[in-house]
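**Student:** The following file, entry_36.tsv, comprises TSV, C-alpha atoms:
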chain	number	residue	atom	x	y	z
A	1	MET	CA	-26.09	-111.21	8.05
A	2	SER	CA	-22.65	-112.20	9.34
A	3	ASN	CA	-19.72	-109.86	9.07
A	4	VAL	CA	-16.72	-110.55	6.87
A	5	LYS	CA	-14.29	-112.74	8.82
A	6	VAL	CA	-10.86	-113.94	7.81
A	7	PHE	CA	-9.63	-116.90	9.86
A	8	ARG	CA	-6.14	-117.66	8.57
A	9	LEU	CA	-3.22	-116.50	6.48
A	10	ALA	CA	-3.02	-119.20	3.79
A	11	TYR	CA	-0.21	-118.15	1.47
A	12	ALA	CA	2.38	-115.58	0.51
A	13	ASP	CA	3.24	-114.96	-3.14
A	14	PHE	CA	6.79	-113.67	-3.63
A	15	TYR	CA	8.15	-111.70	-6.54
A	16	ALA	CA	11.56	-113.39	-6.65
A	17	LYS	CA	14.72	-111.91	-8.11
A	18	ASN	CA	16.40	-115.30	-7.74
A	19	PRO	CA	13.51	-117.72	-8.41
A	20	VAL	CA	15.63	-120.84	-8.93
A	21	GLU	CA	17.45	-120.29	-5.64
A	22	MET	CA	14.20	-119.44	-3.85
A	23	VAL	CA	12.58	-122.68	-5.02
A	24	ASP	CA	15.69	-124.61	-3.99
A	25	TYR	CA	15.60	-122.91	-0.56
A	26	TYR	CA	11.94	-123.74	0.01
A	27	THR	CA	12.29	-127.35	-1.12
A	28	ASN	CA	15.71	-128.37	0.25
A	29	THR	CA	16.15	-126.06	3.27
A	30	MET	CA	12.57	-125.38	4.38
A	31	GLY	CA	11.23	-128.80	3.32
A	32	TYR	CA	8.23	-127.62	1.28
A	33	ARG	CA	6.95	-129.66	-1.65
A	34	ILE	CA	6.17	-128.43	-5.15
A	35	THR	CA	2.54	-128.98	-6.09
A	36	GLU	CA	2.47	-127.23	-9.44
A	37	GLU	CA	4.60	-125.21	-11.86
A	38	LYS	CA	2.74	-123.05	-14.37
A	39	ASP	CA	3.92	-120.22	-16.61
A	40	GLY	CA	7.18	-120.02	-14.69
A	41	VAL	CA	5.41	-119.71	-11.32
A	42	THR	CA	6.09	-122.36	-8.66
A	43	TYR	CA	3.47	-123.36	-6.06
A	44	LEU	CA	4.67	-125.02	-2.85
A	45	SER	CA	2.86	-126.65	0.07
A	46	ASN	CA	3.95	-127.76	3.52
A	47	GLY	CA	1.36	-130.50	3.83
A	48	PHE	CA	-2.29	-130.02	2.99
A	49	ASP	CA	-3.07	-126.97	0.87
A	50	HIS	CA	-2.40	-126.62	-2.83
A	51	HIS	CA	0.03	-123.84	-1.90
A	52	ASN	CA	1.29	-121.87	1.06
A	53	VAL	CA	4.20	-120.25	-0.77
A	54	VAL	CA	4.27	-119.04	-4.38
A	55	ILE	CA	7.46	-118.04	-6.20
A	56	THR	CA	6.90	-115.68	-9.14
A	57	PRO	CA	10.01	-114.66	-11.15
A	58	ALA	CA	10.57	-110.89	-11.33
A	59	ASP	CA	13.28	-108.26	-11.72
A	60	GLU	CA	13.06	-107.24	-8.08
A	61	LYS	CA	12.18	-108.92	-4.80
A	62	ALA	CA	8.83	-107.99	-3.25
A	63	ILE	CA	5.59	-109.50	-2.02
A	64	ARG	CA	3.21	-109.92	-4.93
A	65	ARG	CA	0.15	-110.72	-2.80
A	66	TYR	CA	-1.12	-112.40	0.36
A	67	GLY	CA	-3.90	-115.00	0.48
A	68	TYR	CA	-6.40	-115.10	3.35
A	69	GLN	CA	-9.10	-117.71	3.82
A	70	LEU	CA	-12.57	-116.58	4.90
A	71	ASP	CA	-14.75	-118.47	7.36
A	72	GLY	CA	-17.28	-119.39	4.65
A	73	LYS	CA	-20.33	-117.94	6.39
A	74	LEU	CA	-20.75	-115.52	3.49
A	75	THR	CA	-20.44	-116.15	-0.23
A	76	LEU	CA	-17.76	-114.21	-2.07
A	77	GLU	CA	-20.52	-112.15	-3.67
A	78	GLU	CA	-21.85	-111.26	-0.20
A	79	VAL	CA	-18.34	-110.43	1.00
A	80	GLN	CA	-17.82	-108.23	-2.05
A	81	ALA	CA	-21.07	-106.37	-1.42
A	82	GLN	CA	-20.25	-105.83	2.24
A	83	LEU	CA	-16.76	-104.53	1.50
A	84	GLN	CA	-18.02	-102.26	-1.27
A	85	SER	CA	-20.61	-100.83	1.11
A	86	LYS	CA	-17.65	-99.69	3.23
A	87	GLY	CA	-16.02	-98.05	0.22
A	88	ILE	CA	-13.50	-100.85	-0.33
A	89	ALA	CA	-13.00	-101.69	-4.00
A	90	CYS	CA	-12.63	-105.39	-4.79
A	91	SER	CA	-13.05	-107.59	-7.84
A	92	LEU	CA	-14.24	-111.17	-8.15
A	93	LYS	CA	-11.80	-113.41	-10.06
A	94	ILE	CA	-12.79	-116.77	-11.55
A	95	ASP	CA	-10.09	-119.37	-12.27
A	96	ALA	CA	-7.55	-116.70	-11.37
A	97	LYS	CA	-4.84	-119.08	-10.18
A	98	PRO	CA	-4.13	-122.79	-9.66
A	99	GLY	CA	-5.64	-124.23	-6.51
A	100	VAL	CA	-8.14	-121.41	-5.91
A	101	ALA	CA	-11.09	-121.39	-8.30
A	102	ARG	CA	-12.73	-118.18	-7.03
A	103	LEU	CA	-11.31	-115.25	-5.07
A	104	LEU	CA	-11.71	-111.57	-4.34
A	105	GLU	CA	-8.80	-109.27	-5.12
A	106	LEU	CA	-8.36	-106.00	-3.23
A	107	GLN	CA	-5.76	-103.72	-1.65
A	108	ASP	CA	-5.31	-102.69	1.95
A	109	PRO	CA	-4.64	-98.98	2.69
A	110	ALA	CA	-0.89	-99.64	2.77
A	111	GLY	CA	-1.00	-100.94	-0.82
A	112	ASN	CA	-0.64	-104.69	-0.20
A	113	VAL	CA	-2.60	-106.83	-2.67
A	114	LEU	CA	-4.86	-109.33	-0.90
A	115	GLU	CA	-6.72	-112.37	-2.19
A	116	LEU	CA	-9.71	-113.52	-0.15
A	117	PHE	CA	-11.18	-116.96	-0.77
A	118	THR	CA	-13.36	-119.57	0.89
A	119	GLU	CA	-12.03	-122.80	-0.65
A	120	MET	CA	-8.64	-124.04	-1.76
A	121	GLU	CA	-7.83	-127.29	-3.52
A	122	GLN	CA	-6.70	-129.84	-0.94
A	123	THR	CA	-3.75	-131.35	-2.77
A	124	ALA	CA	-2.46	-132.94	0.46
A	125	VAL	CA	1.09	-133.62	-0.69
A	126	GLY	CA	2.04	-134.31	2.92
A	127	PHE	CA	4.92	-132.97	4.97
A	128	GLY	CA	8.41	-133.12	3.54
A	129	THR	CA	10.92	-135.69	4.76
A	130	ALA	CA	14.03	-133.48	4.63
A	131	GLY	CA	14.78	-129.90	5.58
A	132	ILE	CA	13.20	-127.86	8.36
A	133	VAL	CA	9.54	-128.72	7.57
A	134	PRO	CA	7.54	-126.06	9.50
A	135	ILE	CA	4.06	-126.85	10.81
A	136	LYS	CA	2.52	-123.85	9.07
A	137	LEU	CA	2.89	-120.36	7.70
A	138	GLY	CA	2.26	-118.38	10.87
A	139	HIS	CA	2.33	-114.65	10.28
A	140	ILE	CA	3.47	-111.71	8.19
A	141	ALA	CA	5.10	-108.54	9.47
A	142	PHE	CA	5.13	-105.61	7.10
A	143	LEU	CA	6.08	-101.95	7.14
A	144	ALA	CA	3.05	-99.86	6.27
A	145	LYS	CA	2.49	-96.33	5.18
A	146	ASN	CA	-0.95	-95.19	6.36
A	147	PHE	CA	-0.47	-97.64	9.23
A	148	ASN	CA	-3.38	-96.35	11.33
A	149	GLU	CA	-5.77	-96.71	8.38
A	150	THR	CA	-4.29	-100.14	7.70
A	151	ILE	CA	-4.92	-101.28	11.28
A	152	GLU	CA	-8.49	-100.00	11.07
A	153	PHE	CA	-8.98	-101.81	7.75
A	154	TYR	CA	-7.94	-105.21	9.11
A	155	SER	CA	-9.97	-104.71	12.29
A	156	ASN	CA	-13.19	-103.32	10.83
A	157	ALA	CA	-13.27	-104.81	7.32
A	158	LEU	CA	-11.74	-108.27	7.84
A	159	GLY	CA	-12.55	-109.04	11.49
A	160	PHE	CA	-9.07	-109.02	13.05
A	161	ASN	CA	-8.56	-108.48	16.80
A	162	PHE	CA	-5.88	-106.06	18.01
A	163	THR	CA	-3.57	-107.64	20.58
A	164	ASP	CA	-0.25	-106.07	21.60
A	165	GLN	CA	2.01	-103.17	20.66
A	166	ILE	CA	5.72	-102.56	20.91
A	167	GLY	CA	6.10	-98.83	21.42
A	168	GLU	CA	3.20	-96.43	20.94
A	169	GLU	CA	3.56	-96.19	17.16
A	170	PHE	CA	5.98	-98.93	16.16
A	171	ALA	CA	4.79	-102.53	15.95
A	172	ASN	CA	1.07	-103.35	16.03
A	173	PHE	CA	-0.08	-106.96	16.40
A	174	LEU	CA	-3.42	-108.28	15.11
A	175	THR	CA	-4.92	-111.74	14.84
A	176	CYS	CA	-7.80	-113.38	13.00
A	177	ASN	CA	-7.72	-116.59	15.08
A	178	THR	CA	-6.26	-117.65	18.44
A	179	ASP	CA	-2.60	-117.05	17.54
A	180	HIS	CA	-1.19	-113.98	19.28
A	181	HIS	CA	-0.73	-112.41	15.84
A	182	VAL	CA	-1.24	-113.23	12.21
A	183	ILE	CA	-0.05	-109.82	11.03
A	184	ASN	CA	2.32	-107.29	12.55
A	185	ILE	CA	1.90	-103.81	11.08
A	186	VAL	CA	5.01	-101.69	11.53
A	187	ALA	CA	4.59	-97.91	11.27
A	188	SER	CA	6.62	-96.52	8.37
A	189	ASP	CA	6.62	-94.13	5.44
A	190	GLU	CA	6.84	-97.07	3.01
A	191	THR	CA	5.18	-100.43	2.52
A	192	ARG	CA	7.28	-103.59	2.25
A	193	LEU	CA	7.81	-106.95	3.91
A	194	HIS	CA	9.53	-106.84	7.30
A	195	HIS	CA	9.58	-110.61	7.82
A	196	ILE	CA	7.62	-113.79	7.19
A	197	ALA	CA	7.25	-116.35	9.99
A	198	TYR	CA	6.80	-120.12	10.12
A	199	GLN	CA	5.79	-122.15	13.16
A	200	LEU	CA	7.87	-125.12	14.33
A	201	LYS	CA	6.80	-127.99	16.62
A	202	ASP	CA	8.93	-127.58	19.75
A	203	ALA	CA	12.32	-126.59	21.13
A	204	SER	CA	14.14	-129.58	19.62
A	205	HIS	CA	12.67	-128.71	16.22
A	206	GLN	CA	13.94	-125.16	16.59
A	207	TYR	CA	17.44	-126.34	17.55
A	208	SER	CA	17.55	-128.71	14.60
A	209	SER	CA	16.29	-125.98	12.26
A	210	SER	CA	19.39	-123.92	13.06
A	211	ASP	CA	21.53	-126.95	12.21
A	212	VAL	CA	19.73	-127.30	8.88
A	213	LEU	CA	20.27	-123.62	8.15
A	214	ALA	CA	23.99	-123.90	8.97
A	215	LYS	CA	24.40	-126.96	6.72
A	216	ASN	CA	22.81	-124.96	3.90
A	217	GLY	CA	25.02	-121.92	4.43
A	218	ARG	CA	22.40	-119.73	6.11
A	219	SER	CA	23.34	-118.05	9.37
A	220	VAL	CA	20.96	-117.13	12.15
A	221	ILE	CA	20.99	-113.32	12.28
A	222	TRP	CA	18.96	-112.84	15.51
A	223	GLY	CA	18.04	-115.20	18.31
A	224	PRO	CA	17.13	-117.52	19.76
A	225	SER	CA	15.33	-115.31	22.23
A	226	ARG	CA	11.89	-115.02	23.75
A	227	HIS	CA	9.93	-112.05	22.48
A	228	THR	CA	7.88	-109.80	24.75
A	229	ALA	CA	4.77	-109.37	22.58
A	230	GLY	CA	3.60	-112.91	21.81
A	231	HIS	CA	6.28	-114.56	24.00
A	232	ASN	CA	7.35	-116.76	21.10
A	233	ILE	CA	10.93	-118.03	21.03
A	234	ALA	CA	12.28	-116.92	17.67
A	235	THR	CA	15.26	-117.09	15.36
A	236	TYR	CA	15.66	-115.12	12.15
A	237	HIS	CA	17.63	-115.69	8.94
A	238	TYR	CA	17.72	-114.49	5.33
A	239	ASP	CA	16.27	-116.39	2.37
A	240	PRO	CA	18.16	-116.23	-0.99
A	241	ASP	CA	16.40	-113.00	-1.98
A	242	GLY	CA	17.30	-111.30	1.30
A	243	ASN	CA	13.84	-111.56	2.87
A	244	VAL	CA	13.95	-112.03	6.65
A	245	VAL	CA	12.42	-115.35	7.75
A	246	GLU	CA	11.40	-116.10	11.34
A	247	LEU	CA	11.14	-119.61	12.77
A	248	TYR	CA	9.28	-119.71	16.08
A	249	ILE	CA	7.68	-121.81	18.81
A	250	ASP	CA	5.61	-121.11	21.96
A	251	MET	CA	3.46	-118.25	20.69
A	252	ASP	CA	0.80	-116.93	23.05
A	253	VAL	CA	-2.75	-118.21	22.55
A	254	LEU	CA	-5.51	-115.60	22.68
A	255	VAL	CA	-8.78	-116.28	24.49
A	256	PRO	CA	-10.87	-113.54	22.82
A	257	GLU	CA	-13.93	-114.10	25.01
A	258	LEU	CA	-11.87	-113.24	28.10
A	259	GLY	CA	-9.57	-110.68	26.50
A	260	ILE	CA	-6.49	-112.47	27.86
A	261	PHE	CA	-3.82	-114.88	26.69
A	262	GLU	CA	-3.95	-118.50	27.81
A	263	PRO	CA	-1.86	-118.69	31.02
A	264	ARG	CA	1.76	-119.72	30.51
A	265	PRO	CA	4.45	-120.24	33.19
A	266	TRP	CA	6.68	-117.50	31.73
A	267	HIS	CA	4.01	-114.77	31.76
A	268	GLU	CA	5.15	-111.78	33.81
A	269	VAL	CA	1.68	-111.23	35.27
A	270	LEU	CA	-1.55	-113.20	35.46
A	271	PRO	CA	-3.89	-112.72	33.75
A	272	MET	CA	-1.79	-111.63	30.78
A	273	LYS	CA	-3.71	-108.96	28.87
A	274	PRO	CA	-2.75	-107.08	25.70
A	275	ARG	CA	-0.37	-104.22	26.47
A	276	VAL	CA	2.28	-101.90	25.07
A	277	TRP	CA	5.79	-103.35	25.32
A	278	GLU	CA	8.99	-101.31	25.25
A	279	SER	CA	11.40	-103.98	24.01
A	280	LEU	CA	11.63	-107.02	21.75
A	281	SER	CA	13.24	-109.56	24.07
A	282	ALA	CA	11.89	-110.86	27.39
A	283	TRP	CA	15.29	-112.36	28.23
A	284	GLY	CA	17.26	-109.14	27.97
A	285	THR	CA	19.46	-110.72	25.30
A	286	GLU	CA	21.26	-108.30	23.03
A	287	PHE	CA	22.32	-108.98	19.48
A	288	GLU	CA	24.41	-106.97	17.04
A	289	PHE	CA	21.69	-107.34	14.41
A	290	ASP	CA	18.97	-104.72	15.00
A	291	LEU	CA	15.72	-106.54	14.29
A	292	ALA	CA	13.77	-103.28	14.63
A	293	LYS	CA	15.54	-101.84	11.58
A	294	VAL	CA	15.00	-104.66	9.05
Rewrite the structure from the file as structure tokens, please.
**Tutor:**
Amino acid sequence: MSNVKVFRLAYADFYAKNPVEMVDYYTNTMGYRITEEKDGVTYLSNGFDHHNVVITPADEKAIRRYGYQLDGKLTLEEVQAQLQSKGIACSLKIDAKPGVARLLELQDPAGNVLELFTEMEQTAVGFGTAGIVPIKLGHIAFLAKNFNETIEFYSNALGFNFTDQIGEEFANFLTCNTDHHVINIVASDETRLHHIAYQLKDASHQYSSSDVLAKNGRSVIWGPSRHTAGHNIATYHYDPDGNVVELYIDMDVLVPELGIFEPRPWHEVLPMKPRVWESLSAWGTEFEFDLAKV
């Protein structure tokens, strides 16, 4: 039998302290489209899926849950049995939410709530025509208590590959596909969102995204700069709830069969293999905002 394998981060569900402003931000600034509003919860898509972002009104800001799509080689019942055999509790939900008819709900060791599914409704609202309009939801970075157990969970239970580190016990990068990272697990004594990241098309798209942010009263707080781990060129800003949002291009592509990253002209060495980095920026740029202390 195949092993459980996640292949993409599909959505993030926010508990929003300012839900009206968050929906306005995602529609008018980010360029997402509303696919459904139900029981006060807003579902937004950036092109194909029923939702990639969910805004759930709440008294405090937080991440409610993350949605990961499985490769479909196992049924949800088979996935549940395999996870339970490893001592991981999970429950099968039917008609649990719009767009996803069946899913498994579970927690990682850090306490994040995950939803695993094989199929999502393909609403296909198309890309927006105004705002930033990212290509996709790229990755999540979160602070994690029990970070070593959390890394082991994603690697052994969900089929992620470990790529790079920044510092020996600081930032830990894992992927479930060919992107350099889909999650970044930051060692901490608490669990919370560090930042959420969206991929843009190219350099001109990234420049124009900063113009869109400025026109909507949102300043860039860090960047642009090229990271070390992943080599993506990134900028960061705050959403209306104070969550840090990264917009990036040029992320490294992993070739798992070779254990290297696809060669790029800016790589310091060839072949570029996973390693431990000591800094965030490959350009040596310094900013007043300390991204490490978000």
**Student:** Is there a way to get, as a ChimeraX atom specification, all residues within 7 Å of the point (-9.5, -123.3, 2.1) in file coordinates, counting only C-alpha atoms?
**Tutor:** /A:69,118-120
**Student:** At a cut-off of 7 Å, using only C-alpha atoms, what residues contact Thr150 in chain A? Leave out same-chain residues fewer than 6 positions from it and give the result as an mmCIF file with C-alpha atoms, keeping the file's coordinate frame.
**Tutor:**
data_model
loop_
_atom_site.group_PDB
_atom_site.id
_atom_site.type_symbol
_atom_site.label_atom_id
_atom_site.label_comp_id
_atom_site.auth_asym_id
_atom_site.auth_seq_id
_atom_site.Cartn_x
_atom_site.Cartn_y
_atom_site.Cartn_z
ATOM 1 C CA ASP A 108 -5.310 -102.690 1.950
ATOM 2 C CA PRO A 109 -4.640 -98.980 2.690
ATOM 3 C CA ALA A 110 -0.890 -99.640 2.770
#
**Student:** Once you count all atoms listed in the file, what closest atom pair and distance in Å to one decimal does each residue of range 20-85 of chain A within 6 Å of range 6-10 of chain A have, with rows by chain and rising residue number, as a Markdown table?
**Tutor:**
| residue | atom | partner | partner_atom | distance |
| --- | --- | --- | --- | --- |
| A:Asn52 | CA | A:Ala10 | CA | 5.8 |
| A:Gly67 | CA | A:Ala10 | CA | 5.4 |
| A:Tyr68 | CA | A:Leu9 | CA | 4.7 |
| A:Gln69 | CA | A:Arg8 | CA | 5.6 |
| A:Leu70 | CA | A:Val6 | CA | 4.3 |
| A:Asp71 | CA | A:Phe7 | CA | 5.9 |
**Student:** Find the residues of range 119-200 of chain A that sit at most 8 Å from range 270-284 of chain A; for each, write down the nearest two atoms and how far apart they are in Å, to one decimal. Count only C-alpha atoms. Sort by chain, then by number going up, and give it as CSV.
**Tutor:**
residue,atom,partner,partner_atom,distance
A:Thr163,CA,A:Pro274,CA,5.2
A:Asp164,CA,A:Pro274,CA,4.9
A:Gln165,CA,A:Val276,CA,4.6
A:Ile166,CA,A:Trp277,CA,4.5
A:Gly167,CA,A:Glu278,CA,5.4
A:Glu168,CA,A:Val276,CA,6.9
**Student:** Which residues of range 59-169 of chain A come within 9 Å of range 186-197 of chain A, and what is each one's closest atom pair and distance in Å (one decimal), counting all atoms listed in the file, sorted by chain and residue number, as a Markdown table?
**Tutor:**
| residue | atom | partner | partner_atom | distance |
| --- | --- | --- | --- | --- |
| A:Ala62 | CA | A:Arg192 | CA | 7.2 |
| A:Ile63 | CA | A:Leu193 | CA | 6.8 |
| A:Ala110 | CA | A:Thr191 | CA | 6.1 |
| A:Gly111 | CA | A:Thr191 | CA | 7.0 |
| A:Asn112 | CA | A:Thr191 | CA | 7.7 |
| A:Lys136 | CA | A:Ala197 | CA | 8.9 |
| A:Leu137 | CA | A:Ala197 | CA | 6.4 |
| A:Gly138 | CA | A:Ala197 | CA | 5.5 |
| A:His139 | CA | A:Ala197 | CA | 5.2 |
| A:Ile140 | CA | A:Ile196 | CA | 4.7 |
| A:Ala141 | CA | A:His195 | CA | 5.2 |
| A:Phe142 | CA | A:Leu193 | CA | 4.4 |
| A:Leu143 | CA | A:Val186 | CA | 4.5 |
| A:Ala144 | CA | A:Thr191 | CA | 4.4 |
| A:Lys145 | CA | A:Asp189 | CA | 4.7 |
| A:Asn146 | CA | A:Asp189 | CA | 7.7 |
| A:Phe147 | CA | A:Ala187 | CA | 5.5 |
| A:Asn148 | CA | A:Ala187 | CA | 8.1 |
| A:Glu169 | CA | A:Ala187 | CA | 6.2 |
**Student:** Hey, could you make a per-residue contact list for range 141-186 of chain A against range 216-234 of chain A with 12 Å as the cut-off, showing the nearest pair of atoms and its distance in Å to one decimal, counting all atoms listed in the file, sorted by chain and number, as a tab-separated table?
**Tutor:**
residue	atom	partner	partner_atom	distance
A:Thr163	CA	A:Ala229	CA	8.7
A:Asp164	CA	A:Ala229	CA	6.1
A:Gln165	CA	A:Ala229	CA	7.1
A:Ile166	CA	A:Ala229	CA	7.1
A:Gly167	CA	A:Ala229	CA	10.7
A:Ala171	CA	A:Ala229	CA	9.5
A:Asn172	CA	A:Ala229	CA	9.6
A:Phe173	CA	A:Ala229	CA	8.2
A:Leu174	CA	A:Gly230	CA	10.8
A:Thr175	CA	A:Gly230	CA	11.1
A:Thr178	CA	A:Gly230	CA	11.4
A:Asp179	CA	A:Gly230	CA	8.6
A:His180	CA	A:Gly230	CA	5.5
A:His181	CA	A:Gly230	CA	7.4
A:Val182	CA	A:Gly230	CA	10.8
A:Ile183	CA	A:Gly230	CA	11.8
A:Asn184	CA	A:Ala229	CA	10.5
**Student:** Would you mind telling me which residue in A:Leu106, A:Cys176, A:Leu258, A:Ala12 lies nearest to Ser45 in chain A when using only C-alpha atoms?
**Tutor:**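 For Ser45 in chain A, the nearest of the candidates is A:Ala12.
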**Student:** Got a sec: who's within 7 Å of Leu92 in chain A, counting only C-alpha atoms, leaving out chain neighbours fewer than 5 positions off, as a PyMOL selection string?
**Tutor:** chain A and resi 103-105
**Student:** For each of A:Ile94, A:Ala101, A:Leu213, A:Ile135, take the minimum atom-to-atom distance to His50 in chain A, counting all atoms listed in the file, then give the residue where this is smallest.
**Tutor:**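 Under the stated criterion, the closest residue is A:Ala101.
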**Student:** With all atoms listed in the file as the atoms that count, which of A:Val253, A:Met1, A:Leu158, A:Val244 lies nearest to Thr75 in chain A?
**Tutor:**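 So, comparing all the options, the nearest one is A:Met1.
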**Student:** Have a look at A:Tyr11, A:Phe160, A:Phe127, A:Phe261 and name the one nearest to Arg33 in chain A; count all atoms listed in the file.
**Tutor:**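 Residue with the minimum atom-to-atom distance to Arg33 in chain A: A:Phe127.
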**Student:** From the options A:Gly99, A:Pro134, A:Gly31, A:Gly159, which residue's atoms come nearest to Gln122 in chain A, counting only C-alpha atoms?
**Tutor:**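 Looking only at the distances to Gln122 in chain A, the closest residue turns out to be A:Gly99.
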**Student:** For CA of Arg64 in chain A and CA of Tyr15 in chain A, quote the distance in Å rounded to one decimal.
**Tutor:**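 So the two atoms, CA of Arg64 in chain A and CA of Tyr15 in chain A, lie 5.5 Å apart.
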**Student:** Interatomic distance between CA of Ala130 in chain A and CA of Asn177 in chain A?
**Tutor:**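 Calculated distance between CA of Ala130 in chain A and CA of Asn177 in chain A is 29.5 Å.
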**Student:** Starting from the incomplete input, reconstruct N, CA and C atoms of range 99-113 of chain A and report them as a PDB file, in the coordinates of the input.
**Tutor:**
ATOM      1  N   GLY A  99      -5.322-123.901  -7.885  1.00  0.00           N
ATOM      2  CA  GLY A  99      -5.640-124.230  -6.510  1.00  0.00           C
ATOM      3  C   GLY A  99      -6.774-123.438  -5.897  1.00  0.00           C
ATOM      4  N   VAL A 100      -7.069-122.261  -6.440  1.00  0.00           N
ATOM      5  CA  VAL A 100      -8.140-121.410  -5.910  1.00  0.00           C
ATOM      6  C   VAL A 100      -9.032-121.005  -7.084  1.00  0.00           C
ATOM      7  N   ALA A 101     -10.213-121.601  -7.146  1.00  0.00           N
ATOM      8  CA  ALA A 101     -11.090-121.390  -8.300  1.00  0.00           C
ATOM      9  C   ALA A 101     -11.722-120.005  -8.308  1.00  0.00           C
ATOM     10  N   ARG A 102     -12.050-119.478  -7.117  1.00  0.00           N
ATOM     11  CA  ARG A 102     -12.730-118.180  -7.030  1.00  0.00           C
ATOM     12  C   ARG A 102     -12.125-117.381  -5.888  1.00  0.00           C
ATOM     13  N   LEU A 103     -11.879-116.093  -6.117  1.00  0.00           N
ATOM     14  CA  LEU A 103     -11.310-115.250  -5.070  1.00  0.00           C
ATOM     15  C   LEU A 103     -11.690-113.797  -5.313  1.00  0.00           C
ATOM     16  N   LEU A 104     -11.555-113.018  -4.260  1.00  0.00           N
ATOM     17  CA  LEU A 104     -11.710-111.570  -4.340  1.00  0.00           C
ATOM     18  C   LEU A 104     -10.338-110.927  -4.249  1.00  0.00           C
ATOM     19  N   GLU A 105     -10.063-109.993  -5.141  1.00  0.00           N
ATOM     20  CA  GLU A 105      -8.800-109.270  -5.120  1.00  0.00           C
ATOM     21  C   GLU A 105      -9.043-107.834  -4.673  1.00  0.00           C
ATOM     22  N   LEU A 106      -8.224-107.358  -3.739  1.00  0.00           N
ATOM     23  CA  LEU A 106      -8.360-106.000  -3.230  1.00  0.00           C
ATOM     24  C   LEU A 106      -7.029-105.533  -2.674  1.00  0.00           C
ATOM     25  N   GLN A 107      -6.955-104.271  -2.273  1.00  0.00           N
ATOM     26  CA  GLN A 107      -5.760-103.720  -1.650  1.00  0.00           C
ATOM     27  C   GLN A 107      -6.097-103.186  -0.270  1.00  0.00           C
ATOM     28  N   ASP A 108      -5.146-103.359   0.663  1.00  0.00           N
ATOM     29  CA  ASP A 108      -5.310-102.690   1.950  1.00  0.00           C
ATOM     30  C   ASP A 108      -4.808-101.250   1.811  1.00  0.00           C
ATOM     31  N   PRO A 109      -5.042-100.390   2.807  1.00  0.00           N
ATOM     32  CA  PRO A 109      -4.640 -98.980   2.690  1.00  0.00           C
ATOM     33  C   PRO A 109      -3.142 -98.775   2.526  1.00  0.00           C
ATOM     34  N   ALA A 110      -2.334 -99.752   2.922  1.00  0.00           N
ATOM     35  CA  ALA A 110      -0.890 -99.640   2.770  1.00  0.00           C
ATOM     36  C   ALA A 110      -0.440 -99.953   1.342  1.00  0.00           C
ATOM     37  N   GLY A 111      -1.333-100.596   0.554  1.00  0.00           N
ATOM     38  CA  GLY A 111      -1.000-100.940  -0.820  1.00  0.00           C
ATOM     39  C   GLY A 111      -0.717-102.404  -1.050  1.00  0.00           C
ATOM     40  N   ASN A 112      -0.804-103.255  -0.020  1.00  0.00           N
ATOM     41  CA  ASN A 112      -0.640-104.690  -0.200  1.00  0.00           C
ATOM     42  C   ASN A 112      -1.821-105.256  -0.989  1.00  0.00           C
ATOM     43  N   VAL A 113      -1.543-106.151  -1.933  1.00  0.00           N
ATOM     44  CA  VAL A 113      -2.600-106.830  -2.670  1.00  0.00           C
ATOM     45  C   VAL A 113      -3.010-108.074  -1.891  1.00  0.00           C
TER      46      VAL A 113
END
